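Undergrad: I'm passing along my_file_25.cif; it holds mmCIF, C-alpha atoms and all ligand atoms.
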```
data_structure
#
loop_
_atom_site.label_atom_id
_atom_site.label_comp_id
_atom_site.auth_asym_id
_atom_site.auth_seq_id
_atom_site.Cartn_x
_atom_site.Cartn_y
_atom_site.Cartn_z
CA MET A 1 -47.59 -1.01 -88.07
CA LYS A 2 -45.25 -2.96 -85.76
CA MET A 3 -42.40 -0.78 -84.56
CA ARG A 4 -38.83 -2.07 -84.75
CA ARG A 5 -37.20 -1.67 -81.38
CA LEU A 6 -33.45 -1.15 -81.19
CA LEU A 7 -31.45 -1.19 -77.98
CA ILE A 8 -28.48 1.20 -78.03
CA THR A 9 -26.03 0.88 -75.15
CA GLY A 10 -23.67 3.79 -74.50
CA GLY A 11 -26.25 6.10 -76.01
CA MET A 12 -24.73 9.13 -74.25
CA GLY A 13 -21.26 8.57 -75.77
CA GLN A 14 -19.88 10.00 -79.00
CA VAL A 15 -21.15 7.32 -81.38
CA GLY A 16 -24.28 6.62 -79.33
CA THR A 17 -25.33 10.29 -79.43
CA GLU A 18 -24.90 10.37 -83.21
CA LEU A 19 -26.93 7.17 -83.56
CA LEU A 20 -29.77 8.82 -81.68
CA ASN A 21 -29.49 11.81 -84.05
CA CYS A 22 -29.52 9.62 -87.19
CA HIS A 23 -32.40 9.59 -89.61
CA TRP A 24 -33.94 6.14 -89.02
CA PRO A 25 -36.80 4.47 -90.90
CA ALA A 26 -40.13 5.79 -89.54
CA ASP A 27 -41.08 2.49 -87.89
CA THR A 28 -37.97 2.49 -85.66
CA GLU A 29 -38.06 2.98 -81.91
CA LEU A 30 -34.71 3.62 -80.26
CA VAL A 31 -34.21 2.60 -76.64
CA ALA A 32 -31.06 4.08 -75.12
CA PRO A 33 -30.89 3.45 -71.37
CA THR A 34 -28.58 5.53 -69.23
CA ARG A 35 -25.89 3.93 -67.10
CA GLN A 36 -28.33 4.13 -64.17
CA GLU A 37 -31.04 2.33 -66.13
CA LEU A 38 -28.71 -0.39 -67.50
CA ASP A 39 -25.30 -0.73 -65.92
CA LEU A 40 -23.09 -2.74 -68.27
CA SER A 41 -21.10 -4.08 -65.33
CA ASP A 42 -24.27 -5.77 -64.04
CA PHE A 43 -24.25 -8.78 -66.35
CA ASP A 44 -27.48 -10.32 -65.03
CA SER A 45 -29.43 -7.15 -65.75
CA ILE A 46 -28.15 -7.18 -69.33
CA GLY A 47 -29.80 -10.58 -69.82
CA THR A 48 -33.04 -9.53 -68.15
CA TYR A 49 -33.21 -6.19 -70.02
CA ILE A 50 -32.82 -7.90 -73.39
CA SER A 51 -35.11 -10.86 -72.67
CA GLN A 52 -37.92 -8.49 -71.61
CA GLY A 53 -37.32 -5.76 -74.18
CA GLU A 54 -38.70 -7.33 -77.36
CA PHE A 55 -35.85 -5.80 -79.33
CA ASP A 56 -35.16 -6.45 -83.01
CA ALA A 57 -31.43 -5.73 -82.67
CA VAL A 58 -28.84 -4.45 -80.20
CA ILE A 59 -26.08 -1.94 -80.90
CA ASN A 60 -23.30 -1.86 -78.33
CA CYS A 61 -21.68 1.58 -78.19
CA GLY A 62 -21.01 1.23 -74.47
CA ALA A 63 -17.33 0.92 -73.65
CA TYR A 64 -14.57 1.82 -71.25
CA THR A 65 -12.61 4.15 -73.55
CA ALA A 66 -10.05 5.77 -71.22
CA VAL A 67 -6.97 4.19 -72.84
CA ASP A 68 -4.42 5.36 -70.25
CA LYS A 69 -6.63 4.96 -67.18
CA ALA A 70 -7.36 1.37 -68.24
CA GLU A 71 -3.75 0.48 -67.38
CA SER A 72 -4.60 0.98 -63.70
CA GLU A 73 -8.36 0.17 -63.83
CA VAL A 74 -7.86 -3.22 -65.41
CA LEU A 75 -10.87 -4.94 -63.88
CA THR A 76 -13.33 -2.19 -64.83
CA ALA A 77 -11.99 -2.10 -68.40
CA TRP A 78 -12.37 -5.86 -68.77
CA LYS A 79 -15.85 -5.86 -67.23
CA ILE A 80 -17.20 -3.26 -69.65
CA ASN A 81 -15.16 -4.12 -72.76
CA ALA A 82 -15.02 -7.90 -72.53
CA LEU A 83 -17.60 -9.35 -70.13
CA ALA A 84 -20.48 -7.00 -70.96
CA PRO A 85 -20.14 -7.86 -74.69
CA ALA A 86 -20.16 -11.54 -73.66
CA ALA A 87 -23.43 -10.98 -71.79
CA LEU A 88 -24.86 -8.99 -74.72
CA ALA A 89 -23.88 -11.74 -77.17
CA ALA A 90 -25.45 -14.47 -75.02
CA ALA A 91 -28.67 -12.51 -74.50
CA THR A 92 -29.06 -11.52 -78.15
CA LYS A 93 -28.44 -15.12 -79.25
CA ILE A 94 -31.18 -16.36 -76.93
CA ALA A 95 -33.51 -13.62 -78.21
CA GLY A 96 -32.62 -14.58 -81.82
CA ILE A 97 -31.59 -11.04 -82.77
CA PRO A 98 -28.42 -9.52 -84.30
CA LEU A 99 -25.76 -7.67 -82.31
CA VAL A 100 -23.65 -4.85 -83.73
CA HIS A 101 -20.60 -4.27 -81.58
CA LEU A 102 -18.02 -1.50 -81.90
CA SER A 103 -14.34 -2.15 -81.54
CA THR A 104 -11.02 -0.46 -82.08
CA ASP A 105 -7.82 -0.10 -84.11
CA TYR A 106 -5.96 -0.59 -80.80
CA VAL A 107 -6.37 -4.36 -81.15
CA PHE A 108 -3.33 -4.09 -83.47
CA ASP A 109 0.27 -3.51 -82.40
CA GLY A 110 1.07 -1.08 -85.21
CA SER A 111 4.03 -2.96 -86.66
CA LYS A 112 2.45 -3.20 -90.13
CA ILE A 113 3.33 -0.48 -92.65
CA GLU A 114 0.14 -0.68 -94.73
CA PRO A 115 -3.48 -0.35 -93.51
CA TYR A 116 -4.66 -3.31 -91.45
CA THR A 117 -7.23 -5.67 -92.92
CA GLU A 118 -9.74 -7.70 -90.91
CA ASP A 119 -7.59 -10.83 -91.40
CA ASP A 120 -4.44 -9.37 -89.90
CA PRO A 121 -3.41 -10.87 -86.56
CA VAL A 122 -4.31 -8.85 -83.48
CA ALA A 123 -1.69 -8.07 -80.82
CA PRO A 124 -2.90 -5.32 -78.50
CA LEU A 125 -0.26 -3.25 -76.71
CA GLY A 126 -2.29 -2.25 -73.65
CA VAL A 127 -5.16 -3.12 -71.34
CA TYR A 128 -7.77 -1.18 -73.35
CA GLY A 129 -6.86 -2.95 -76.61
CA ALA A 130 -6.65 -6.33 -74.91
CA SER A 131 -10.03 -5.92 -73.23
CA LYS A 132 -11.61 -4.82 -76.53
CA GLU A 133 -10.05 -7.79 -78.32
CA ALA A 134 -11.51 -10.12 -75.69
CA GLY A 135 -14.89 -8.42 -76.24
CA GLU A 136 -14.61 -9.17 -79.94
CA GLN A 137 -13.95 -12.86 -79.20
CA ALA A 138 -16.91 -12.96 -76.84
CA VAL A 139 -19.20 -11.51 -79.51
CA ARG A 140 -17.81 -13.77 -82.26
CA THR A 141 -18.31 -16.91 -80.23
CA GLY A 142 -21.49 -15.81 -78.44
CA ASN A 143 -23.81 -14.85 -81.29
CA PRO A 144 -23.22 -15.85 -84.93
CA ARG A 145 -25.50 -12.99 -86.06
CA HIS A 146 -23.03 -10.24 -85.23
CA VAL A 147 -21.17 -7.45 -86.91
CA ILE A 148 -18.05 -6.21 -85.15
CA LEU A 149 -17.17 -2.80 -86.50
CA ARG A 150 -13.65 -1.63 -85.71
CA THR A 151 -13.10 2.08 -85.95
CA ALA A 152 -10.46 4.62 -84.87
CA TRP A 153 -9.57 8.11 -83.65
CA VAL A 154 -13.21 9.10 -83.12
CA PHE A 155 -14.15 12.78 -83.02
CA SER A 156 -17.45 14.61 -82.65
CA ALA A 157 -18.89 17.82 -81.28
CA HIS A 158 -19.75 16.14 -77.96
CA GLY A 159 -17.93 14.05 -75.40
CA SER A 160 -14.17 14.02 -74.96
CA ASN A 161 -11.94 13.64 -77.96
CA PHE A 162 -8.70 14.88 -79.52
CA VAL A 163 -10.37 17.69 -81.51
CA LYS A 164 -11.96 19.22 -78.43
CA THR A 165 -8.77 18.80 -76.39
CA MET A 166 -6.75 20.57 -79.11
CA LEU A 167 -9.20 23.46 -79.36
CA ARG A 168 -9.05 23.91 -75.59
CA LEU A 169 -5.24 23.74 -75.48
CA GLY A 170 -5.08 26.11 -78.45
CA LYS A 171 -6.96 28.71 -76.44
CA GLU A 172 -4.83 28.26 -73.33
CA ARG A 173 -1.33 28.01 -74.86
CA GLU A 174 0.94 29.74 -77.37
CA LEU A 175 2.62 26.43 -78.22
CA VAL A 176 1.08 22.98 -78.45
CA LYS A 177 3.33 19.92 -78.87
CA VAL A 178 1.73 17.03 -80.74
CA VAL A 179 2.92 13.49 -81.45
CA ASP A 180 3.91 13.07 -85.09
CA ASP A 181 4.99 9.44 -85.35
CA GLN A 182 1.69 7.60 -84.78
CA MET A 183 -0.34 7.11 -87.93
CA GLY A 184 -4.10 6.50 -87.93
CA CYS A 185 -7.45 7.38 -89.47
CA PRO A 186 -9.43 10.18 -87.81
CA THR A 187 -13.14 9.31 -88.03
CA ALA A 188 -16.30 11.28 -87.37
CA ALA A 189 -18.75 9.66 -84.94
CA SER A 190 -21.60 10.77 -87.22
CA ASP A 191 -20.13 8.80 -90.14
CA ILE A 192 -19.74 5.71 -87.93
CA ALA A 193 -23.36 6.09 -86.84
CA ALA A 194 -24.58 6.29 -90.45
CA VAL A 195 -22.75 3.05 -91.27
CA VAL A 196 -24.02 1.30 -88.15
CA ARG A 197 -27.58 2.31 -89.05
CA GLN A 198 -27.14 0.88 -92.55
CA ILE A 199 -25.74 -2.40 -91.20
CA VAL A 200 -28.43 -2.80 -88.52
CA VAL A 201 -31.32 -2.14 -90.90
CA ARG A 202 -29.92 -4.73 -93.32
CA LEU A 203 -29.34 -7.29 -90.55
CA ILE A 204 -32.94 -6.91 -89.42
CA GLU A 205 -34.41 -7.10 -92.91
CA ASP A 206 -32.20 -9.78 -94.41
CA LEU A 207 -31.36 -13.01 -92.54
CA LYS A 208 -28.58 -13.58 -95.09
CA ALA A 209 -26.97 -10.16 -94.55
CA PRO A 210 -23.17 -10.41 -94.22
CA VAL A 211 -21.88 -10.92 -90.69
CA GLY A 212 -18.40 -10.90 -89.17
CA THR A 213 -15.67 -8.36 -88.49
CA TYR A 214 -15.39 -5.13 -90.48
CA HIS A 215 -13.35 -1.93 -90.46
CA PHE A 216 -14.84 1.51 -90.87
CA VAL A 217 -12.86 4.76 -90.80
CA ASN A 218 -12.94 7.97 -92.78
CA SER A 219 -10.55 7.82 -95.72
CA GLY A 220 -7.04 9.26 -95.62
CA ALA A 221 -4.47 8.92 -92.87
CA ALA A 222 -2.92 11.38 -90.45
CA THR A 223 -0.58 11.63 -87.53
CA TRP A 224 -1.94 13.33 -84.40
CA CYS A 225 0.18 16.30 -85.46
CA THR A 226 -1.12 16.56 -89.05
CA PHE A 227 -4.64 16.07 -87.66
CA ALA A 228 -4.06 19.05 -85.31
CA LEU A 229 -2.52 21.14 -88.10
CA ASP A 230 -5.57 20.63 -90.31
CA LEU A 231 -7.84 21.58 -87.41
CA PHE A 232 -5.92 24.77 -86.61
CA THR A 233 -5.74 25.71 -90.31
CA LYS A 234 -9.54 25.58 -90.34
CA ARG A 235 -9.63 27.54 -87.08
CA GLU A 236 -7.32 30.25 -88.40
CA ALA A 237 -9.36 30.53 -91.60
CA ALA A 238 -12.41 31.12 -89.39
CA GLY A 239 -10.66 34.13 -87.87
CA PHE A 240 -9.41 32.67 -84.58
CA LYS A 241 -5.97 33.04 -83.06
CA VAL A 242 -4.15 29.71 -83.23
CA PRO A 243 -1.13 28.32 -81.36
CA LYS A 244 2.16 27.26 -82.87
CA ILE A 245 2.25 23.48 -83.33
CA GLU A 246 5.43 21.55 -82.63
CA ALA A 247 5.80 17.98 -83.91
CA ILE A 248 7.22 15.64 -81.26
CA ALA A 249 8.05 11.94 -81.00
CA THR A 250 6.06 9.43 -78.94
CA GLU A 251 9.07 9.18 -76.60
CA ASP A 252 8.68 12.88 -75.80
CA TYR A 253 5.08 12.41 -74.63
CA PRO A 254 5.14 9.44 -72.26
CA THR A 255 1.75 7.90 -71.46
CA PRO A 256 0.77 4.94 -69.26
CA ALA A 257 -0.49 2.95 -72.27
CA ARG A 258 1.58 2.15 -75.36
CA ARG A 259 -0.10 2.98 -78.65
CA PRO A 260 0.34 1.49 -82.13
CA ARG A 261 2.72 3.39 -84.48
CA ASN A 262 0.42 2.60 -87.37
CA SER A 263 -3.25 1.77 -86.94
CA GLN A 264 -4.64 2.67 -90.35
CA LEU A 265 -7.58 0.40 -91.20
CA SER A 266 -8.53 -0.84 -94.65
CA THR A 267 -12.25 -0.49 -95.39
CA GLU A 268 -12.27 -2.62 -98.57
CA LYS A 269 -14.28 -5.46 -97.00
CA LEU A 270 -17.06 -3.12 -95.86
CA LYS A 271 -17.13 -1.54 -99.32
CA ARG A 272 -17.45 -5.03 -100.88
CA ASP A 273 -20.14 -6.41 -98.53
CA TYR A 274 -22.13 -3.29 -97.62
CA GLY A 275 -21.25 -0.84 -100.43
CA VAL A 276 -19.88 1.72 -97.95
CA GLN A 277 -17.66 4.42 -99.44
CA PRO A 278 -16.13 6.54 -96.62
CA ARG A 279 -15.58 10.24 -97.16
CA ASP A 280 -12.22 11.77 -96.29
CA TRP A 281 -11.55 12.85 -92.72
CA PRO A 282 -10.77 16.55 -93.43
CA THR A 283 -14.26 16.92 -94.96
CA ALA A 284 -15.84 15.14 -91.99
CA LEU A 285 -13.82 17.36 -89.65
CA GLU A 286 -15.20 20.43 -91.43
CA ASP A 287 -18.74 19.48 -90.29
CA VAL A 288 -17.71 18.97 -86.67
CA PHE A 289 -15.60 22.12 -86.73
CA ARG A 290 -18.63 24.10 -87.87
CA LEU A 291 -20.74 22.69 -85.03
CA LEU A 292 -18.00 23.44 -82.48
CA SER A 293 -17.47 26.98 -83.75
CA THR A 294 -20.81 27.94 -82.23
CA ASP A 295 -19.67 26.62 -78.83
CA ALA A 296 -18.79 29.68 -76.78
CA ASN A 297 -16.42 27.66 -74.60
CA LEU A 298 -14.15 26.69 -77.49
N1 LIG B 301 -13.17 7.17 -78.92
C1 LIG B 301 -12.33 6.68 -79.79
O1 LIG B 301 -11.39 7.36 -80.27
C2 LIG B 301 -12.50 5.26 -80.30
C3 LIG B 301 -11.55 4.73 -81.18
C4 LIG B 301 -11.73 3.43 -81.65
C5 LIG B 301 -12.83 2.69 -81.27
N2 LIG B 301 -13.71 3.23 -80.40
C6 LIG B 301 -14.84 2.38 -79.98
O2 LIG B 301 -16.06 2.96 -80.43
C7 LIG B 301 -17.09 2.72 -79.48
C8 LIG B 301 -17.77 4.02 -79.10
O3 LIG B 301 -16.78 4.91 -78.60
P1 LIG B 301 -17.16 6.38 -78.10
O4 LIG B 301 -16.01 7.25 -78.42
O5 LIG B 301 -18.54 6.72 -78.55
O6 LIG B 301 -17.15 6.11 -76.52
P2 LIG B 301 -17.57 7.12 -75.35
O7 LIG B 301 -17.88 8.45 -75.88
O8 LIG B 301 -16.52 6.96 -74.30
O9 LIG B 301 -18.93 6.47 -74.82
C9 LIG B 301 -18.93 5.27 -74.11
C10 LIG B 301 -20.30 5.10 -73.51
O10 LIG B 301 -20.27 3.90 -72.72
C11 LIG B 301 -20.98 4.16 -71.55
N3 LIG B 301 -20.57 3.31 -70.44
C12 LIG B 301 -19.34 3.14 -69.90
N4 LIG B 301 -19.40 2.34 -68.83
C13 LIG B 301 -20.72 2.00 -68.68
C14 LIG B 301 -21.44 1.19 -67.76
N5 LIG B 301 -20.83 0.58 -66.73
N6 LIG B 301 -22.78 1.06 -67.93
C15 LIG B 301 -23.41 1.69 -68.91
N7 LIG B 301 -22.80 2.47 -69.82
C16 LIG B 301 -21.46 2.62 -69.71
C17 LIG B 301 -20.66 5.61 -71.21
O11 LIG B 301 -21.64 6.07 -70.33
P3 LIG B 301 -21.54 7.48 -69.56
O12 LIG B 301 -22.01 8.47 -70.59
O13 LIG B 301 -22.44 7.32 -68.40
O14 LIG B 301 -20.08 7.63 -69.18
C18 LIG B 301 -20.73 6.23 -72.59
O15 LIG B 301 -22.05 6.62 -72.89
C19 LIG B 301 -16.44 1.98 -78.31
O16 LIG B 301 -16.63 0.61 -78.50
C20 LIG B 301 -14.97 2.30 -78.46
O17 LIG B 301 -14.15 1.28 -77.92
C21 LIG B 301 -13.60 4.51 -79.92
#
```
So, in terms of structure tokens, how does the structure I just supplied come out?
TA:
Amino acid sequence: MKMRRLLITGGMGQVGTELLNCHWPADTELVAPTRQELDLSDFDSIGTYISQGEFDAVINCGAYTAVDKAESEVLTAWKINALAPAALAAATKIAGIPLVHLSTDYVFDGSKIEPYTEDDPVAPLGVYGASKEAGEQAVRTGNPRHVILRTAWVFSAHGSNFVKTMLRLGKERELVKVVDDQMGCPTAASDIAAVVRQIVVRLIEDLKAPVGTYHFVNSGAATWCTFALDLFTKREAAGFKVPKIEAIATEDYPTPARRPRNSQLSTEKLKRDYGVQPRDWPTALEDVFRLLSTDANL
């Protein structure tokens, strides 16, 4: 039996880790190089790695995700989020294999009231969003056999994310102030991974599988504050002491990068083309919360 080889970049990140934990078809071999083994800022090595790897598909979970730091580390953000995807797209096109690339709700400016669809115009507010948008363009133009999957507000039991930050702050403080006027879709990394797996398997098996840009998020919307309230309600029900939560405005929590007021994403297109039906975020959070509850540090 010939094994299918998949290259996963960013395999140590939130989504990458969940992809490695996914239940894959038995004939699948996952190759997830560390940053030392494949540095995404070394564009030549990306080409060499892919041309020599005999891969059947590439999944790019590697990214520069520090939204605020990107405002001052512009070049690094653009290298990893825009130029590395360009190199990945070129190399996968030459190898004749599909590329699944992850992107973000922060390509939008947040001025829309309803959830964003894939056809809505992009207008990133900061360096991170702009570099990710450029990465999308590079993938779109570099390899026609691509799926760009935009997602949002990612949480998981590993890596850095809002859920883990809140649990830490909740232990340290009596009062936690949380922004209540930015609306988005909290999404479990494990659910993103399951969808990516489904897309990749179909792209490998079916040359006519749908390609293009898609949105995937867990269903339901939240503000950062309502997200935190749900988390601490779960925490209190599990018998832990919880802090008081105070809702604040974006203006009261100044950050280097501006963020969209609304970045809800519509998942209708993914439902239509891939039959994906996202579960709601509080249910997904329940799973992660259970995993984190066994972490003695939280
Ligand atoms: N996190 C969110 O809330 C969010 C929201 C919307 C969209 N997204 C998108 O979803 C995707 C996955 O996000 P995530 O949360 O899983 O990201 P993450 O946890 O920050 O992981 C990013 C990964 O990229 C790797 N990486 C960064 N620079 C690298 C380099 N020079 N060479 C090799 N590897 C490098 C990191 O390696 P190290 O482990 O060595 O640092 C890490 O494994 C990204 O495309 C992101 O833009 C994320």
Undergrad: Quick one: contact table of chain A to ligand LIG 301 (chain B), 6 Å max, nearest atom pair and distance in Å to one decimal per residue, counting only C-alpha atoms and all ligand atoms, chain and number order, as JSON lines?
TA:
```
{"residue": "A:Gly10", "atom": "CA", "partner": "B:LIG301", "partner_atom": "O15", "distance": 3.6}
{"residue": "A:Gly11", "atom": "CA", "partner": "B:LIG301", "partner_atom": "O15", "distance": 5.3}
{"residue": "A:Met12", "atom": "CA", "partner": "B:LIG301", "partner_atom": "O15", "distance": 3.9}
{"residue": "A:Gly13", "atom": "CA", "partner": "B:LIG301", "partner_atom": "O9", "distance": 3.3}
{"residue": "A:Gln14", "atom": "CA", "partner": "B:LIG301", "partner_atom": "O5", "distance": 3.6}
{"residue": "A:Val15", "atom": "CA", "partner": "B:LIG301", "partner_atom": "O5", "distance": 3.9}
{"residue": "A:Gly16", "atom": "CA", "partner": "B:LIG301", "partner_atom": "O5", "distance": 5.8}
{"residue": "A:Arg35", "atom": "CA", "partner": "B:LIG301", "partner_atom": "C15", "distance": 3.8}
{"residue": "A:Leu38", "atom": "CA", "partner": "B:LIG301", "partner_atom": "C15", "distance": 5.9}
{"residue": "A:Asp39", "atom": "CA", "partner": "B:LIG301", "partner_atom": "N6", "distance": 3.7}
{"residue": "A:Leu40", "atom": "CA", "partner": "B:LIG301", "partner_atom": "N6", "distance": 3.8}
{"residue": "A:Ser41", "atom": "CA", "partner": "B:LIG301", "partner_atom": "N5", "distance": 4.9}
{"residue": "A:Cys61", "atom": "CA", "partner": "B:LIG301", "partner_atom": "C8", "distance": 4.7}
{"residue": "A:Gly62", "atom": "CA", "partner": "B:LIG301", "partner_atom": "O10", "distance": 3.3}
{"residue": "A:Ala63", "atom": "CA", "partner": "B:LIG301", "partner_atom": "O10", "distance": 4.3}
{"residue": "A:Tyr64", "atom": "CA", "partner": "B:LIG301", "partner_atom": "C12", "distance": 5.1}
{"residue": "A:Thr65", "atom": "CA", "partner": "B:LIG301", "partner_atom": "O8", "distance": 4.9}
{"residue": "A:Leu102", "atom": "CA", "partner": "B:LIG301", "partner_atom": "O16", "distance": 4.2}
{"residue": "A:Ser103", "atom": "CA", "partner": "B:LIG301", "partner_atom": "O16", "distance": 4.7}
{"residue": "A:Thr104", "atom": "CA", "partner": "B:LIG301", "partner_atom": "C5", "distance": 3.7}
{"residue": "A:Asp105", "atom": "CA", "partner": "B:LIG301", "partner_atom": "C4", "distance": 5.8}
{"residue": "A:Thr151", "atom": "CA", "partner": "B:LIG301", "partner_atom": "C4", "distance": 4.7}
{"residue": "A:Ala152", "atom": "CA", "partner": "B:LIG301", "partner_atom": "C4", "distance": 3.7}
{"residue": "A:Trp153", "atom": "CA", "partner": "B:LIG301", "partner_atom": "O1", "distance": 3.9}
{"residue": "A:Val154", "atom": "CA", "partner": "B:LIG301", "partner_atom": "O1", "distance": 3.8}
{"residue": "A:Gly159", "atom": "CA", "partner": "B:LIG301", "partner_atom": "O7", "distance": 5.6}
```
Undergrad: Can you write out the residues you just picked, keeping C-alpha atoms, as a PDB file, keeping the file's coordinate frame?
TA:
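Saved the output as again.pdb:
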```
ATOM      1  CA  GLY A  10     -23.670   3.790 -74.500  1.00  0.00           C
ATOM      2  CA  GLY A  11     -26.250   6.100 -76.010  1.00  0.00           C
ATOM      3  CA  MET A  12     -24.730   9.130 -74.250  1.00  0.00           C
ATOM      4  CA  GLY A  13     -21.260   8.570 -75.770  1.00  0.00           C
ATOM      5  CA  GLN A  14     -19.880  10.000 -79.000  1.00  0.00           C
ATOM      6  CA  VAL A  15     -21.150   7.320 -81.380  1.00  0.00           C
ATOM      7  CA  GLY A  16     -24.280   6.620 -79.330  1.00  0.00           C
ATOM      8  CA  ARG A  35     -25.890   3.930 -67.100  1.00  0.00           C
ATOM      9  CA  LEU A  38     -28.710  -0.390 -67.500  1.00  0.00           C
ATOM     10  CA  ASP A  39     -25.300  -0.730 -65.920  1.00  0.00           C
ATOM     11  CA  LEU A  40     -23.090  -2.740 -68.270  1.00  0.00           C
ATOM     12  CA  SER A  41     -21.100  -4.080 -65.330  1.00  0.00           C
ATOM     13  CA  CYS A  61     -21.680   1.580 -78.190  1.00  0.00           C
ATOM     14  CA  GLY A  62     -21.010   1.230 -74.470  1.00  0.00           C
ATOM     15  CA  ALA A  63     -17.330   0.920 -73.650  1.00  0.00           C
ATOM     16  CA  TYR A  64     -14.570   1.820 -71.250  1.00  0.00           C
ATOM     17  CA  THR A  65     -12.610   4.150 -73.550  1.00  0.00           C
ATOM     18  CA  LEU A 102     -18.020  -1.500 -81.900  1.00  0.00           C
ATOM     19  CA  SER A 103     -14.340  -2.150 -81.540  1.00  0.00           C
ATOM     20  CA  THR A 104     -11.020  -0.460 -82.080  1.00  0.00           C
ATOM     21  CA  ASP A 105      -7.820  -0.100 -84.110  1.00  0.00           C
ATOM     22  CA  THR A 151     -13.100   2.080 -85.950  1.00  0.00           C
ATOM     23  CA  ALA A 152     -10.460   4.620 -84.870  1.00  0.00           C
ATOM     24  CA  TRP A 153      -9.570   8.110 -83.650  1.00  0.00           C
ATOM     25  CA  VAL A 154     -13.210   9.100 -83.120  1.00  0.00           C
ATOM     26  CA  GLY A 159     -17.930  14.050 -75.400  1.00  0.00           C
TER      27      GLY A 159
END
```
Undergrad: Ranking A:Trp224, A:Phe289, A:Tyr214, A:Phe43 by minimum distance to Leu265 of chain A and counting only C-alpha atoms, which one comes first?
TA: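 Counting only C-alpha atoms, the residue closest to Leu265 of chain A is A:Tyr214.
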Undergrad: Kindly provide the residues of segment 228-289 of chain A that approach segment 163-183 of chain A to within 10 Å, each paired with its closest atom pair and their distance in Å to one decimal, based on only C-alpha atoms, listed by chain and increasing number, as a Markdown table.
TA:
```
| residue | atom | partner | partner_atom | distance |
| --- | --- | --- | --- | --- |
| A:Ala228 | CA | A:Met166 | CA | 6.9 |
| A:Leu229 | CA | A:Val178 | CA | 9.4 |
| A:Leu231 | CA | A:Val163 | CA | 7.5 |
| A:Phe232 | CA | A:Leu167 | CA | 8.1 |
| A:Arg235 | CA | A:Leu167 | CA | 8.7 |
| A:Phe240 | CA | A:Lys171 | CA | 9.4 |
| A:Lys241 | CA | A:Lys171 | CA | 8.0 |
| A:Val242 | CA | A:Gly170 | CA | 6.1 |
| A:Pro243 | CA | A:Glu174 | CA | 4.7 |
| A:Lys244 | CA | A:Leu175 | CA | 4.7 |
| A:Ile245 | CA | A:Val176 | CA | 5.0 |
| A:Glu246 | CA | A:Lys177 | CA | 4.6 |
| A:Ala247 | CA | A:Val178 | CA | 5.2 |
| A:Ile248 | CA | A:Val179 | CA | 4.8 |
| A:Ala249 | CA | A:Val179 | CA | 5.4 |
| A:Thr250 | CA | A:Val179 | CA | 5.7 |
| A:Glu251 | CA | A:Val179 | CA | 8.9 |
| A:Asp252 | CA | A:Val179 | CA | 8.1 |
| A:Tyr253 | CA | A:Val179 | CA | 7.2 |
| A:Arg259 | CA | A:Gln182 | CA | 7.9 |
| A:Pro260 | CA | A:Gln182 | CA | 6.8 |
| A:Arg261 | CA | A:Gln182 | CA | 4.3 |
| A:Asn262 | CA | A:Met183 | CA | 4.6 |
| A:Ser263 | CA | A:Met183 | CA | 6.2 |
| A:Gln264 | CA | A:Met183 | CA | 6.6 |
| A:Leu285 | CA | A:Val163 | CA | 8.8 |
| A:Val288 | CA | A:Val163 | CA | 9.1 |
| A:Phe289 | CA | A:Val163 | CA | 8.6 |
```
Undergrad: Just the residues within 7 Å of segment 190-194 of chain A, please, counting all atoms listed in the file, with nothing from its chain fewer than 5 positions along; format it as a PyMOL selection string.
TA: chain A and resi 15+18-19+22
Undergrad: Would you mind exporting C-alpha atoms of the selected residues as an mmCIF file, keeping the file's coordinate frame?
TA:
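Saved to selection.cif:
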```cif
data_model
loop_
_atom_site.group_PDB
_atom_site.id
_atom_site.type_symbol
_atom_site.label_atom_id
_atom_site.label_comp_id
_atom_site.auth_asym_id
_atom_site.auth_seq_id
_atom_site.Cartn_x
_atom_site.Cartn_y
_atom_site.Cartn_z
ATOM 1 C CA VAL A 15 -21.150 7.320 -81.380
ATOM 2 C CA GLU A 18 -24.900 10.370 -83.210
ATOM 3 C CA LEU A 19 -26.930 7.170 -83.560
ATOM 4 C CA CYS A 22 -29.520 9.620 -87.190
#
```
Undergrad: Residues at most 10 Å from Asp68 of chain A, counting all atoms listed in the file, excluding those fewer than 5 positions away in the same chain, as a ChimeraX atom specification?
TA: /A:73,126-128,255-259
Undergrad: For Arg5 of chain A, list every protein, DNA or RNA residue within 7 Å, evaluated using all atoms listed in the file, and leave out those in the same chain fewer than 3 positions away; present the list as a list in words.
TA: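 In the requested form, the answer reads Thr28, Glu29, Leu30, Phe55 and Asp56 of chain A.
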Undergrad: Would you mind reading off the distance between atom CA of Val211 of chain A and atom CA of Thr76 of chain A, one decimal, in Å?
TA: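 Separation of atom CA of Val211 of chain A and atom CA of Thr76 of chain A: 28.6 Å.
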Undergrad: Excluding Ile59 of chain A and residues on its chain fewer than 4 positions from it, collect all residues at most 8 Å away from it, counting all atoms listed in the file, and give them as a list in words.
TA: Leu6, Leu7, Ile8, Thr9, Leu99, Val100 and His101 of chain A
Undergrad: Any idea what's packed within 6 Å of segment 84-90 of chain A, counting only C-alpha atoms, ignoring anything in its chain fewer than 5 positions away? Could you give it as a PyMOL selection string?
TA: chain A and resi 40+43+135+138-139+142-143
Undergrad: Using all atoms listed in the file, which of the listed residues (A:Pro254, A:Asp109, A:Gly184, A:Gln137) sits closest to Cys225 of chain A?
TA: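 Looking at the shortest contact to Cys225 of chain A, the residue is A:Gly184.
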Undergrad: With distances taken over all atoms listed in the file, which residue among A:Trp24, A:Gly96, A:Ser111, A:His158 lies nearest Ala189 of chain A?
TA: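 That would be A:His158, the residue with the smallest distance to Ala189 of chain A.
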Undergrad: Given the point (-17.6, -11.1, -86.4) in the coordinates of this file, which residues lie within 6 Å, counting only C-alpha atoms, and how would they look as a short mmCIF file (atom, residue, chain, number, x, y, z; two decimals) with C-alpha atoms, in the coordinates of the input?
TA:
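Below is the file that was written, out_27.cif:
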```cif
data_model
loop_
_atom_site.label_atom_id
_atom_site.label_comp_id
_atom_site.auth_asym_id
_atom_site.auth_seq_id
_atom_site.Cartn_x
_atom_site.Cartn_y
_atom_site.Cartn_z
CA ARG A 140 -17.81 -13.77 -82.26
CA HIS A 146 -23.03 -10.24 -85.23
CA VAL A 147 -21.17 -7.45 -86.91
CA ILE A 148 -18.05 -6.21 -85.15
CA GLY A 212 -18.40 -10.90 -89.17
CA THR A 213 -15.67 -8.36 -88.49
#
```
